[in-house]
>>> print(open('my_file.json').read())   # JSON, C-alpha atoms
[["chain", "number", "residue", "atom", "x", "y", "z"],
["A", 1, "MET", "CA", 0.00, 0.00, 0.00],
["A", 2, "TYR", "CA", 1.24, 3.46, -0.90],
["A", 3, "ARG", "CA", 0.10, 6.92, -0.04],
["A", 4, "ALA", "CA", -0.04, 9.69, -2.62],
["A", 5, "LYS", "CA", 0.24, 13.28, -1.42],
["A", 6, "ILE", "CA", -0.94, 15.60, -4.14],
["A", 7, "ARG", "CA", -0.83, 19.37, -4.43],
["A", 8, "VAL", "CA", -2.95, 21.10, -7.05],
["A", 9, "THR", "CA", -2.16, 24.75, -7.64],
["A", 10, "LEU", "CA", -3.33, 27.40, -10.05],
["A", 11, "ARG", "CA", -0.81, 27.98, -12.81],
["A", 12, "ARG", "CA", 1.42, 31.00, -12.39],
["A", 13, "SER", "CA", -0.23, 32.83, -15.26],
["A", 14, "ILE", "CA", -3.70, 32.51, -13.70],
["A", 15, "LEU", "CA", -4.96, 35.17, -11.35],
["A", 16, "ASP", "CA", -5.69, 33.66, -7.95],
["A", 17, "PRO", "CA", -8.34, 35.92, -6.40],
["A", 18, "GLN", "CA", -8.56, 33.76, -3.30],
["A", 19, "GLY", "CA", -4.84, 34.14, -2.75],
["A", 20, "LYS", "CA", -5.17, 37.88, -3.33],
["A", 21, "ALA", "CA", -7.94, 38.17, -0.72],
["A", 22, "VAL", "CA", -5.85, 36.31, 1.83],
["A", 23, "GLU", "CA", -2.86, 38.45, 0.94],
["A", 24, "HIS", "CA", -4.89, 41.57, 1.71],
["A", 25, "ALA", "CA", -6.02, 40.06, 5.01],
["A", 26, "ILE", "CA", -2.41, 39.31, 5.89],
["A", 27, "ALA", "CA", -1.48, 42.90, 5.07],
["A", 28, "SER", "CA", -4.18, 44.14, 7.41],
["A", 29, "LEU", "CA", -2.77, 41.87, 10.11],
["A", 30, "GLY", "CA", 0.22, 44.14, 9.89],
["A", 31, "GLU", "CA", 2.59, 41.48, 8.59],
["A", 32, "GLN", "CA", 4.61, 43.25, 5.91],
["A", 33, "SER", "CA", 6.99, 40.44, 5.01],
["A", 34, "ILE", "CA", 4.43, 38.19, 3.30],
["A", 35, "GLN", "CA", 3.47, 38.55, -0.33],
["A", 36, "SER", "CA", 2.41, 36.58, -3.43],
["A", 37, "VAL", "CA", -0.04, 34.30, -1.64],
["A", 38, "ARG", "CA", -1.27, 31.42, -3.78],
["A", 39, "ILE", "CA", -3.91, 28.97, -2.64],
["A", 40, "GLY", "CA", -4.24, 25.42, -3.88],
["A", 41, "LYS", "CA", -5.67, 22.06, -2.93],
["A", 42, "TYR", "CA", -4.10, 19.18, -1.08],
["A", 43, "VAL", "CA", -5.29, 15.64, -1.75],
["A", 44, "GLU", "CA", -4.11, 12.56, 0.07],
["A", 45, "MET", "CA", -5.07, 9.07, -1.01],
["A", 46, "GLU", "CA", -4.07, 5.49, -0.53],
["A", 47, "VAL", "CA", -3.01, 3.57, -3.59],
["A", 48, "ASN", "CA", -3.27, -0.17, -3.45],
["A", 49, "SER", "CA", -0.67, -1.24, -5.98],
["A", 50, "GLY", "CA", 2.23, -3.63, -6.11],
["A", 51, "SER", "CA", 5.03, -1.19, -6.74],
["A", 52, "GLU", "CA", 5.84, 2.45, -6.32],
["A", 53, "ASP", "CA", 5.99, 2.76, -10.08],
["A", 54, "GLU", "CA", 2.43, 1.49, -10.48],
["A", 55, "ALA", "CA", 1.23, 3.79, -7.70],
["A", 56, "ARG", "CA", 2.88, 6.69, -9.51],
["A", 57, "LYS", "CA", 1.17, 5.79, -12.78],
["A", 58, "ALA", "CA", -2.26, 5.47, -11.15],
["A", 59, "THR", "CA", -1.81, 8.79, -9.38],
["A", 60, "GLU", "CA", -0.63, 10.51, -12.54],
["A", 61, "LYS", "CA", -3.73, 9.27, -14.36],
["A", 62, "VAL", "CA", -6.24, 10.60, -11.82],
["A", 63, "CYS", "CA", -4.36, 13.90, -11.55],
["A", 64, "LYS", "CA", -4.54, 14.39, -15.30],
["A", 65, "LYS", "CA", -8.14, 13.27, -15.74],
["A", 66, "LEU", "CA", -9.81, 14.55, -12.61],
["A", 67, "LEU", "CA", -7.89, 16.21, -9.83],
["A", 68, "ALA", "CA", -6.36, 19.01, -11.90],
["A", 69, "ASN", "CA", -7.62, 20.89, -14.94],
["A", 70, "PRO", "CA", -4.52, 21.42, -17.08],
["A", 71, "VAL", "CA", -5.89, 24.64, -18.58],
["A", 72, "MET", "CA", -5.57, 26.40, -15.24],
["A", 73, "GLU", "CA", -3.83, 24.10, -12.77],
["A", 74, "ASP", "CA", -0.56, 22.29, -12.17],
["A", 75, "TYR", "CA", -0.09, 19.31, -9.92],
["A", 76, "HIS", "CA", 2.78, 17.82, -7.97],
["A", 77, "PHE", "CA", 2.77, 14.66, -5.93],
["A", 78, "GLU", "CA", 4.86, 12.42, -3.78],
["A", 79, "ILE", "CA", 4.40, 8.71, -3.29],
["A", 80, "GLU", "CA", 5.36, 7.15, 0.00],
["A", 81, "LYS", "CA", 4.92, 3.76, 1.57],
["A", 82, "ALA", "CA", 1.78, 3.70, 3.71],
["A", 83, "HIS", "CA", 1.82, 1.92, 7.04],
["A", 84, "ASN", "CA", -1.39, 0.40, 8.26],
["A", 85, "GLY", "CA", -3.22, 2.21, 11.03],
["B", 1, "MET", "CA", -45.90, 24.25, -41.64],
["B", 2, "ALA", "CA", -47.42, 21.70, -39.29],
["B", 3, "GLU", "CA", -47.19, 22.32, -35.56],
["B", 4, "SER", "CA", -44.42, 20.13, -34.30],
["B", 5, "THR", "CA", -43.02, 19.99, -30.83],
["B", 6, "VAL", "CA", -39.44, 19.66, -29.85],
["B", 7, "LYS", "CA", -38.47, 17.29, -27.03],
["B", 8, "PHE", "CA", -36.13, 18.86, -24.51],
["B", 9, "GLY", "CA", -34.26, 16.78, -21.95],
["B", 10, "VAL", "CA", -33.16, 18.61, -18.82],
["B", 11, "VAL", "CA", -30.35, 16.83, -16.98],
["B", 12, "VAL", "CA", -30.67, 16.71, -13.20],
["B", 13, "PHE", "CA", -27.48, 16.36, -11.22],
["B", 14, "PRO", "CA", -27.51, 16.33, -7.43],
["B", 15, "GLY", "CA", -27.21, 20.06, -6.74],
["B", 16, "SER", "CA", -28.80, 21.30, -9.96],
["B", 17, "ASN", "CA", -31.19, 24.11, -9.04],
["B", 18, "CYS", "CA", -32.25, 25.64, -12.35],
["B", 19, "ASP", "CA", -33.56, 22.38, -13.78],
["B", 20, "HIS", "CA", -37.18, 23.20, -13.02],
["B", 21, "ASP", "CA", -36.84, 26.69, -14.51],
["B", 22, "ALA", "CA", -35.53, 25.18, -17.74],
["B", 23, "TYR", "CA", -38.29, 22.55, -17.75],
["B", 24, "TYR", "CA", -40.92, 25.23, -17.08],
["B", 25, "ALA", "CA", -39.54, 27.44, -19.85],
["B", 26, "CYS", "CA", -39.62, 24.66, -22.45],
["B", 27, "LYS", "CA", -42.85, 23.00, -21.48],
["B", 28, "HIS", "CA", -45.15, 25.56, -19.93],
["B", 29, "VAL", "CA", -44.03, 28.80, -21.56],
["B", 30, "LEU", "CA", -43.01, 27.56, -24.99],
["B", 31, "GLY", "CA", -45.38, 24.60, -25.19],
["B", 32, "GLN", "CA", -42.79, 22.01, -26.10],
["B", 33, "GLU", "CA", -42.23, 18.56, -24.68],
["B", 34, "ALA", "CA", -39.79, 18.30, -21.77],
["B", 35, "VAL", "CA", -38.43, 15.49, -19.62],
["B", 36, "PHE", "CA", -35.96, 15.35, -16.77],
["B", 37, "LEU", "CA", -32.89, 13.16, -17.25],
["B", 38, "TRP", "CA", -31.52, 11.84, -13.95],
["B", 39, "HIS", "CA", -27.72, 11.85, -13.75],
["B", 40, "LYS", "CA", -27.54, 8.11, -13.04],
["B", 41, "GLU", "CA", -29.52, 7.18, -16.12],
["B", 42, "ALA", "CA", -27.56, 6.30, -19.20],
["B", 43, "ASP", "CA", -30.55, 7.00, -21.45],
["B", 44, "LEU", "CA", -31.54, 10.25, -23.11],
["B", 45, "HIS", "CA", -35.10, 9.10, -23.91],
["B", 46, "ASP", "CA", -34.91, 10.21, -27.56],
["B", 47, "VAL", "CA", -34.79, 13.90, -26.81],
["B", 48, "ASP", "CA", -34.01, 16.42, -29.57],
["B", 49, "VAL", "CA", -32.12, 18.78, -27.28],
["B", 50, "VAL", "CA", -30.21, 18.32, -24.04],
["B", 51, "ILE", "CA", -30.05, 21.12, -21.48],
["B", 52, "LEU", "CA", -27.43, 21.07, -18.75],
["B", 53, "PRO", "CA", -28.98, 23.44, -16.22],
["B", 54, "GLY", "CA", -27.50, 25.81, -13.70],
["B", 55, "GLY", "CA", -26.83, 24.97, -10.10],
["B", 56, "PHE", "CA", -24.08, 23.44, -8.04],
["B", 57, "SER", "CA", -23.73, 19.92, -9.38],
["B", 58, "TYR", "CA", -22.12, 17.67, -6.77],
["B", 59, "GLY", "CA", -21.74, 20.69, -4.51],
["B", 60, "ASP", "CA", -19.12, 22.18, -6.85],
["B", 61, "TYR", "CA", -16.68, 19.80, -5.17],
["B", 62, "LEU", "CA", -13.12, 19.78, -6.53],
["B", 63, "ARG", "CA", -13.97, 22.24, -9.36],
["B", 64, "CYS", "CA", -17.31, 23.38, -10.73],
["B", 65, "GLY", "CA", -18.56, 20.70, -13.10],
["B", 66, "ALA", "CA", -15.59, 18.40, -12.56],
["B", 67, "ILE", "CA", -17.50, 15.54, -10.94],
["B", 68, "ALA", "CA", -20.64, 15.87, -13.07],
["B", 69, "ARG", "CA", -18.58, 15.07, -16.11],
["B", 70, "PHE", "CA", -18.15, 11.49, -14.91],
["B", 71, "SER", "CA", -21.84, 10.78, -14.32],
["B", 72, "PRO", "CA", -23.49, 8.06, -16.45],
["B", 73, "VAL", "CA", -25.77, 10.55, -18.18],
["B", 74, "MET", "CA", -22.78, 12.63, -19.35],
["B", 75, "LYS", "CA", -21.32, 9.71, -21.33],
["B", 76, "GLU", "CA", -24.58, 9.69, -23.28],
["B", 77, "VAL", "CA", -24.58, 13.48, -23.61],
["B", 78, "VAL", "CA", -21.06, 13.37, -25.06],
["B", 79, "ARG", "CA", -22.13, 10.68, -27.53],
["B", 80, "PHE", "CA", -25.27, 12.68, -28.37],
["B", 81, "ALA", "CA", -23.16, 15.79, -29.03],
["B", 82, "GLU", "CA", -20.68, 13.84, -31.14],
["B", 83, "ASN", "CA", -23.61, 12.72, -33.28],
["B", 84, "GLY", "CA", -24.61, 16.32, -33.83],
["B", 85, "GLY", "CA", -27.34, 16.61, -31.18],
["B", 86, "LEU", "CA", -28.01, 20.07, -29.75],
["B", 87, "VAL", "CA", -26.68, 20.65, -26.23],
["B", 88, "LEU", "CA", -27.24, 23.86, -24.27],
["B", 89, "GLY", "CA", -25.24, 24.35, -21.07],
["B", 90, "ILE", "CA", -26.32, 27.19, -18.83],
["B", 91, "CYS", "CA", -24.10, 28.49, -16.03],
["B", 92, "ASN", "CA", -23.05, 25.34, -14.15],
["B", 93, "GLY", "CA", -24.01, 23.49, -17.33],
["B", 94, "PHE", "CA", -21.42, 25.60, -19.19],
["B", 95, "GLN", "CA", -18.85, 24.61, -16.57],
["B", 96, "VAL", "CA", -19.76, 20.94, -17.07],
["B", 97, "LEU", "CA", -19.37, 21.26, -20.86],
["B", 98, "LEU", "CA", -15.88, 22.72, -20.42],
["B", 99, "GLU", "CA", -14.84, 20.02, -17.96],
["B", 100, "ALA", "CA", -16.21, 17.37, -20.30],
["B", 101, "GLY", "CA", -14.10, 18.77, -23.12],
["B", 102, "LEU", "CA", -17.13, 19.54, -25.32],
["B", 103, "LEU", "CA", -16.09, 23.20, -25.30],
["B", 104, "PRO", "CA", -12.59, 24.68, -24.87],
["B", 105, "GLY", "CA", -11.39, 26.74, -21.92],
["B", 106, "VAL", "CA", -12.27, 27.10, -18.25],
["B", 107, "LEU", "CA", -14.33, 29.34, -16.01],
["B", 108, "LEU", "CA", -12.28, 30.85, -13.23],
["B", 109, "ARG", "CA", -13.39, 32.58, -10.06],
["B", 110, "ASN", "CA", -14.93, 35.97, -10.85],
["B", 111, "SER", "CA", -12.20, 38.60, -10.91],
["B", 112, "SER", "CA", -14.22, 40.64, -8.39],
["B", 113, "LEU", "CA", -14.11, 37.69, -5.96],
["B", 114, "ARG", "CA", -17.85, 38.15, -5.53],
["B", 115, "PHE", "CA", -20.81, 36.03, -6.45],
["B", 116, "VAL", "CA", -22.59, 38.14, -9.06],
["B", 117, "CYS", "CA", -26.37, 37.98, -9.30],
["B", 118, "LYS", "CA", -27.92, 40.64, -11.53],
["B", 119, "ASN", "CA", -29.27, 41.43, -14.98],
["B", 120, "VAL", "CA", -26.57, 41.91, -17.57],
["B", 121, "HIS", "CA", -26.63, 42.73, -21.26],
["B", 122, "VAL", "CA", -25.14, 40.51, -23.91],
["B", 123, "ARG", "CA", -24.58, 41.29, -27.56],
["B", 124, "VAL", "CA", -25.37, 38.67, -30.15],
["B", 125, "GLU", "CA", -22.13, 38.24, -32.07],
["B", 126, "ASN", "CA", -23.14, 35.30, -34.21],
["B", 127, "PRO", "CA", -26.82, 35.00, -35.16],
["B", 128, "GLY", "CA", -26.04, 32.05, -37.41],
["B", 129, "THR", "CA", -26.09, 29.34, -34.77],
["B", 130, "ALA", "CA", -28.79, 26.89, -33.73],
["B", 131, "PHE", "CA", -29.03, 28.86, -30.47],
["B", 132, "SER", "CA", -29.22, 32.39, -31.84],
["B", 133, "ASN", "CA", -30.96, 32.26, -35.23],
["B", 134, "GLN", "CA", -33.92, 34.29, -33.92],
["B", 135, "CYS", "CA", -31.62, 37.21, -33.08],
["B", 136, "ARG", "CA", -30.09, 39.92, -35.20],
["B", 137, "ARG", "CA", -26.34, 40.45, -35.34],
["B", 138, "GLY", "CA", -25.46, 43.00, -32.70],
["B", 139, "GLU", "CA", -28.82, 42.69, -30.93],
["B", 140, "VAL", "CA", -28.60, 43.34, -27.21],
["B", 141, "LEU", "CA", -30.37, 40.90, -24.87],
["B", 142, "LYS", "CA", -30.98, 41.51, -21.19],
["B", 143, "ILE", "CA", -30.48, 38.26, -19.31],
["B", 144, "PRO", "CA", -29.55, 37.67, -15.64],
["B", 145, "VAL", "CA", -26.35, 36.05, -14.41],
["B", 146, "ALA", "CA", -25.85, 34.35, -11.04],
["B", 147, "HIS", "CA", -22.44, 32.83, -10.49],
["B", 148, "GLY", "CA", -19.19, 32.93, -8.57],
["B", 149, "GLU", "CA", -17.08, 31.22, -11.25],
["B", 150, "GLY", "CA", -17.90, 32.70, -14.64],
["B", 151, "ASN", "CA", -14.62, 34.24, -15.63],
["B", 152, "TYR", "CA", -13.94, 32.66, -19.01],
["B", 153, "PHE", "CA", -10.31, 31.92, -19.70],
["B", 154, "THR", "CA", -8.37, 30.08, -22.35],
["B", 155, "ASP", "CA", -4.95, 30.15, -24.00],
["B", 156, "PRO", "CA", -4.28, 32.75, -26.74],
["B", 157, "ASP", "CA", -4.34, 30.17, -29.56],
["B", 158, "THR", "CA", -7.75, 28.86, -28.54],
["B", 159, "LEU", "CA", -9.08, 32.41, -28.17],
["B", 160, "ALA", "CA", -7.84, 33.27, -31.66],
["B", 161, "ARG", "CA", -9.54, 30.16, -33.01],
["B", 162, "LEU", "CA", -12.82, 31.04, -31.27],
["B", 163, "GLN", "CA", -12.67, 34.51, -32.80],
["B", 164, "GLN", "CA", -11.76, 33.33, -36.30],
["B", 165, "ASN", "CA", -14.46, 30.65, -36.37],
["B", 166, "ASP", "CA", -17.12, 33.01, -35.06],
["B", 167, "GLN", "CA", -17.63, 30.72, -32.06],
["B", 168, "ILE", "CA", -18.18, 33.58, -29.63],
["B", 169, "VAL", "CA", -21.97, 33.86, -29.72],
["B", 170, "PHE", "CA", -22.62, 36.25, -26.82],
["B", 171, "ARG", "CA", -20.43, 38.99, -25.35],
["B", 172, "TYR", "CA", -21.13, 41.09, -22.26],
["B", 173, "CYS", "CA", -21.92, 44.66, -23.22],
["B", 174, "ASP", "CA", -23.57, 47.80, -21.86],
["B", 175, "PRO", "CA", -27.24, 48.50, -22.67],
["B", 176, "GLY", "CA", -26.11, 50.29, -25.84],
["B", 177, "GLY", "CA", -24.18, 47.27, -27.08],
["B", 178, "ASN", "CA", -20.69, 48.56, -26.28],
["B", 179, "LEU", "CA", -18.17, 46.00, -25.08],
["B", 180, "THR", "CA", -16.89, 47.80, -22.01],
["B", 181, "GLU", "CA", -14.91, 46.54, -19.08],
["B", 182, "SER", "CA", -17.55, 47.70, -16.63],
["B", 183, "ALA", "CA", -20.21, 45.69, -18.48],
["B", 184, "ASN", "CA", -18.18, 42.54, -17.94],
["B", 185, "PRO", "CA", -19.51, 41.04, -14.67],
["B", 186, "ASN", "CA", -16.78, 38.50, -14.03],
["B", 187, "GLY", "CA", -13.57, 39.42, -15.84],
["B", 188, "SER", "CA", -14.14, 37.07, -18.78],
["B", 189, "LEU", "CA", -11.55, 37.17, -21.53],
["B", 190, "ASP", "CA", -12.79, 39.22, -24.49],
["B", 191, "ASN", "CA", -16.13, 39.81, -22.67],
["B", 192, "ILE", "CA", -17.12, 36.24, -23.50],
["B", 193, "ALA", "CA", -20.55, 35.27, -22.17],
["B", 194, "GLY", "CA", -21.27, 32.28, -24.40],
["B", 195, "ILE", "CA", -19.45, 30.14, -26.95],
["B", 196, "VAL", "CA", -20.36, 27.40, -29.35],
["B", 197, "ASN", "CA", -18.24, 24.45, -30.47],
["B", 198, "GLU", "CA", -16.74, 24.35, -33.93],
["B", 199, "ARG", "CA", -19.51, 22.17, -35.29],
["B", 200, "GLY", "CA", -22.12, 24.55, -33.89],
["B", 201, "ASN", "CA", -24.24, 22.07, -31.93],
["B", 202, "VAL", "CA", -22.98, 22.67, -28.37],
["B", 203, "LEU", "CA", -23.40, 26.05, -26.70],
["B", 204, "GLY", "CA", -22.35, 27.11, -23.21],
["B", 205, "MET", "CA", -23.36, 30.42, -21.66],
["B", 206, "MET", "CA", -23.17, 31.93, -18.20],
["B", 207, "PRO", "CA", -26.37, 34.06, -18.34],
["B", 208, "HIS", "CA", -29.66, 32.32, -17.59],
["B", 209, "PRO", "CA", -32.08, 32.62, -20.55],
["B", 210, "GLU", "CA", -34.54, 30.23, -18.84],
["B", 211, "ARG", "CA", -35.15, 32.86, -16.16],
["B", 212, "VAL", "CA", -36.48, 35.44, -18.61],
["B", 213, "VAL", "CA", -39.04, 33.66, -20.75],
["B", 214, "ASP", "CA", -42.34, 34.12, -18.94],
["B", 215, "PRO", "CA", -44.33, 37.16, -20.17],
["B", 216, "LEU", "CA", -45.63, 37.48, -16.62],
["B", 217, "LEU", "CA", -42.17, 38.82, -15.75],
["B", 218, "ARG", "CA", -42.41, 41.34, -18.63],
["B", 219, "HIS", "CA", -38.93, 40.49, -19.66],
["B", 220, "THR", "CA", -38.63, 37.73, -22.21],
["B", 221, "ASP", "CA", -35.28, 38.10, -23.98],
["B", 222, "GLY", "CA", -34.35, 34.57, -22.94],
["B", 223, "GLN", "CA", -37.08, 33.21, -25.20],
["B", 224, "LYS", "CA", -34.92, 33.99, -28.21],
["B", 225, "VAL", "CA", -32.43, 31.29, -27.27],
["B", 226, "PHE", "CA", -35.16, 28.67, -26.90],
["B", 227, "LEU", "CA", -37.06, 29.80, -30.00],
["B", 228, "SER", "CA", -33.82, 29.57, -31.98],
["B", 229, "ILE", "CA", -33.33, 25.99, -30.82],
["B", 230, "ILE", "CA", -36.93, 25.11, -31.67],
["B", 231, "GLU", "CA", -36.61, 26.69, -35.11],
["B", 232, "SER", "CA", -33.38, 24.82, -35.71],
["B", 233, "VAL", "CA", -34.76, 21.41, -34.69],
["B", 234, "VAL", "CA", -38.03, 21.89, -36.57],
["B", 235, "SER", "CA", -36.34, 22.97, -39.79],
["B", 236, "GLN", "CA", -33.89, 20.09, -39.51],
["B", 237, "LEU", "CA", -36.76, 17.63, -39.11],
["B", 238, "ALA", "CA", -38.57, 19.21, -42.04],
["B", 239, "GLY", "CA", -35.43, 18.85, -44.12],
["B", 240, "THR", "CA", -35.16, 15.13, -43.48],
["B", 241, "ASP", "CA", -38.79, 14.34, -44.34]]
>>> encode(input="my_file.json", output="structure tokens")
Amino acid sequence: MYRAKIRVTLRRSILDPQGKAVEHAIASLGEQSIQSVRIGKYVEMEVNSGSEDEARKATEKVCKKLLANPVMEDYHFEIEKAHNG
Amino acid sequence: MAESTVKFGVVVFPGSNCDHDAYYACKHVLGQEAVFLWHKEADLHDVDVVILPGGFSYGDYLRCGAIARFSPVMKEVVRFAENGGLVLGICNGFQVLLEAGLLPGVLLRNSSLRFVCKNVHVRVENPGTAFSNQCRRGEVLKIPVAHGEGNYFTDPDTLARLQQNDQIVFRYCDPGGNLTESANPNGSLDNIAGIVNERGNVLGMMPHPERVVDPLLRHTDGQKVFLSIIESVVSQLAGTD
């Protein structure tokens, strides 16, 4: 069993209004050092496959077809061995 | 010409909330036949036209329209569209069409960050489609929008293709028909409010024509979209007789 940890983020060229709103909130907190806030999604899932390579392929497939829309989003993921419990 | 009725199928996803408006518009205002198509059914019941209505299919989980695309009924809708059947996606239905790959591009969060619910004006850019043949080129229609993610975006090549092929059917404009930035409710690229596929049988639009059909509301610009579809289906049927 493997665990896939996936991050889906808006592509750099796409305006992220949610990130902008949070950025403004941070500014009104008085924290001047933080800028360029981007907000994305985090997905974690278990992959029941025989090898890390298979788990990677299965994850790649669902990222491409469902979890991210390539017109506006990029995805990155890591595969790690999952321990029961 | 003999009275003939057109059979509309209105898809119902969990979370659709403009399905009854669309049904009411087709059946009770325009006197056509209408049926609901449940998302789990892989059967379109021989309809002439499929409407993907507005709402929040599957709670807008993941991305608007992303889950709806995988429902059993959508496989049939894709097949129907590939065979040339007329498909109208309104608001969330437009989002579903984009996710399903039946139309190019995406709808991003409104640039204002706000959910926008108001009447807007759209200019008819292409009156030659099955969805706009009852309009004049440049005619201004007043139709409401109600969405948080209606900001049309695509890459420059696709936009150029849409422009060259006359696939942009409706653009946001002011009441005088001018394409201004302030008339654009959501930041859409090129003031795009509605586009059609290359073949001309699939249209997606953010404004809600089904909300402005009943004469009781004294505001019936939305009828033109439905009357165009009816005209198109009826003349097609007449042509094959």
>>> closest_residue(input="my_file.json", among="A:Ile34, A:Leu66, A:Val22, A:Val47", to="Glu78 in chain A", atoms="all atoms listed in the file")
A:Val47
>>> axis_aligned_box(input="my_file.json", around="range 32-38 of chain A", padding_each_side="5 Å", output="AutoDock Vina command-line options")
--center_x 2.9 --center_y 37.3 --center_z 1.1 --size_x 18.3 --size_y 21.8 --size_z 19.7
>>> atom_distance(input="my_file.json", atom1="CA of Val225 in chain B", atom2="CA of Thr180 in chain B")
23.3 Å
>>> closest_residue(input="my_file.json", among="B:Ser228, B:Gln134, B:Asn186, B:Gln236", to="chain A", atoms="all atoms listed in the file")
B:Asn186
>>> residues_around(input="my_file.json", residues="Arg3 in chain A", least_positions_apart="2", cutoff="10 Å", atoms="only C-alpha atoms", output="PyMOL selection string")
chain A and resi 1+5-6+44-48+52+55-56+59+78-83
>>> write_last_selection(input="my_file.json", atoms="C-alpha atoms", output="PDB file, in the coordinates of the input")
ATOM      1  CA  MET A   1       0.000   0.000   0.000  1.00  0.00           C
ATOM      2  CA  LYS A   5       0.240  13.280  -1.420  1.00  0.00           C
ATOM      3  CA  ILE A   6      -0.940  15.600  -4.140  1.00  0.00           C
ATOM      4  CA  GLU A  44      -4.110  12.560   0.070  1.00  0.00           C
ATOM      5  CA  MET A  45      -5.070   9.070  -1.010  1.00  0.00           C
ATOM      6  CA  GLU A  46      -4.070   5.490  -0.530  1.00  0.00           C
ATOM      7  CA  VAL A  47      -3.010   3.570  -3.590  1.00  0.00           C
ATOM      8  CA  ASN A  48      -3.270  -0.170  -3.450  1.00  0.00           C
ATOM      9  CA  GLU A  52       5.840   2.450  -6.320  1.00  0.00           C
ATOM     10  CA  ALA A  55       1.230   3.790  -7.700  1.00  0.00           C
ATOM     11  CA  ARG A  56       2.880   6.690  -9.510  1.00  0.00           C
ATOM     12  CA  THR A  59      -1.810   8.790  -9.380  1.00  0.00           C
ATOM     13  CA  GLU A  78       4.860  12.420  -3.780  1.00  0.00           C
ATOM     14  CA  ILE A  79       4.400   8.710  -3.290  1.00  0.00           C
ATOM     15  CA  GLU A  80       5.360   7.150   0.000  1.00  0.00           C
ATOM     16  CA  LYS A  81       4.920   3.760   1.570  1.00  0.00           C
ATOM     17  CA  ALA A  82       1.780   3.700   3.710  1.00  0.00           C
ATOM     18  CA  HIS A  83       1.820   1.920   7.040  1.00  0.00           C
TER      19      HIS A  83
END
>>> atom_distance(input="my_file.json", atom1="CA of Glu82 in chain B", atom2="CA of Val71 in chain A")
22.2 Å
>>> residues_around(input="my_file.json", residues="Leu15 in chain A", least_positions_apart="5", cutoff="9 Å", atoms="all atoms listed in the file", output="short mmCIF file (atom, residue, chain, number, x, y, z; two decimals) with C-alpha atoms, keeping the file's coordinate frame")
data_model
loop_
_atom_site.label_atom_id
_atom_site.label_comp_id
_atom_site.auth_asym_id
_atom_site.auth_seq_id
_atom_site.Cartn_x
_atom_site.Cartn_y
_atom_site.Cartn_z
CA LEU A 10 -3.33 27.40 -10.05
CA LYS A 20 -5.17 37.88 -3.33
CA LEU B 108 -12.28 30.85 -13.23
CA ARG B 109 -13.39 32.58 -10.06
CA SER B 111 -12.20 38.60 -10.91
#
>>> atom_distance(input="my_file.json", atom1="CA of Arg69 in chain B", atom2="CA of Phe115 in chain B")
23.2 Å
>>> build_atoms(input="my_file.json", residues="range 95-103 of chain B", atoms="N, CA, C and O atoms", output="PDB file, in the frame of the given file")
ATOM      1  N   GLN B  95     -20.034  25.133 -17.253  1.00  0.00           N
ATOM      2  CA  GLN B  95     -18.850  24.610 -16.570  1.00  0.00           C
ATOM      3  C   GLN B  95     -18.687  23.114 -16.829  1.00  0.00           C
ATOM      4  O   GLN B  95     -17.576  22.631 -17.084  1.00  0.00           O
ATOM      5  N   VAL B  96     -19.810  22.383 -16.809  1.00  0.00           N
ATOM      6  CA  VAL B  96     -19.760  20.940 -17.070  1.00  0.00           C
ATOM      7  C   VAL B  96     -19.287  20.674 -18.501  1.00  0.00           C
ATOM      8  O   VAL B  96     -18.446  19.800 -18.737  1.00  0.00           O
ATOM      9  N   LEU B  97     -19.771  21.448 -19.460  1.00  0.00           N
ATOM     10  CA  LEU B  97     -19.370  21.260 -20.860  1.00  0.00           C
ATOM     11  C   LEU B  97     -17.865  21.475 -21.042  1.00  0.00           C
ATOM     12  O   LEU B  97     -17.214  20.778 -21.816  1.00  0.00           O
ATOM     13  N   LEU B  98     -17.315  22.456 -20.325  1.00  0.00           N
ATOM     14  CA  LEU B  98     -15.880  22.720 -20.420  1.00  0.00           C
ATOM     15  C   LEU B  98     -15.095  21.577 -19.788  1.00  0.00           C
ATOM     16  O   LEU B  98     -14.106  21.103 -20.345  1.00  0.00           O
ATOM     17  N   GLU B  99     -15.538  21.126 -18.620  1.00  0.00           N
ATOM     18  CA  GLU B  99     -14.840  20.020 -17.960  1.00  0.00           C
ATOM     19  C   GLU B  99     -14.913  18.747 -18.789  1.00  0.00           C
ATOM     20  O   GLU B  99     -13.992  17.952 -18.790  1.00  0.00           O
ATOM     21  N   ALA B 100     -16.032  18.571 -19.484  1.00  0.00           N
ATOM     22  CA  ALA B 100     -16.210  17.370 -20.300  1.00  0.00           C
ATOM     23  C   ALA B 100     -15.459  17.452 -21.616  1.00  0.00           C
ATOM     24  O   ALA B 100     -15.409  16.492 -22.373  1.00  0.00           O
ATOM     25  N   GLY B 101     -14.878  18.619 -21.893  1.00  0.00           N
ATOM     26  CA  GLY B 101     -14.100  18.770 -23.120  1.00  0.00           C
ATOM     27  C   GLY B 101     -14.975  19.010 -24.359  1.00  0.00           C
ATOM     28  O   GLY B 101     -14.487  18.952 -25.480  1.00  0.00           O
ATOM     29  N   LEU B 102     -16.269  19.268 -24.157  1.00  0.00           N
ATOM     30  CA  LEU B 102     -17.130  19.540 -25.320  1.00  0.00           C
ATOM     31  C   LEU B 102     -16.950  20.971 -25.805  1.00  0.00           C
ATOM     32  O   LEU B 102     -17.311  21.311 -26.929  1.00  0.00           O
ATOM     33  N   LEU B 103     -16.440  21.822 -24.928  1.00  0.00           N
ATOM     34  CA  LEU B 103     -16.090  23.200 -25.300  1.00  0.00           C
ATOM     35  C   LEU B 103     -14.699  23.474 -24.730  1.00  0.00           C
ATOM     36  O   LEU B 103     -14.315  22.884 -23.722  1.00  0.00           O
TER      37      LEU B 103
END
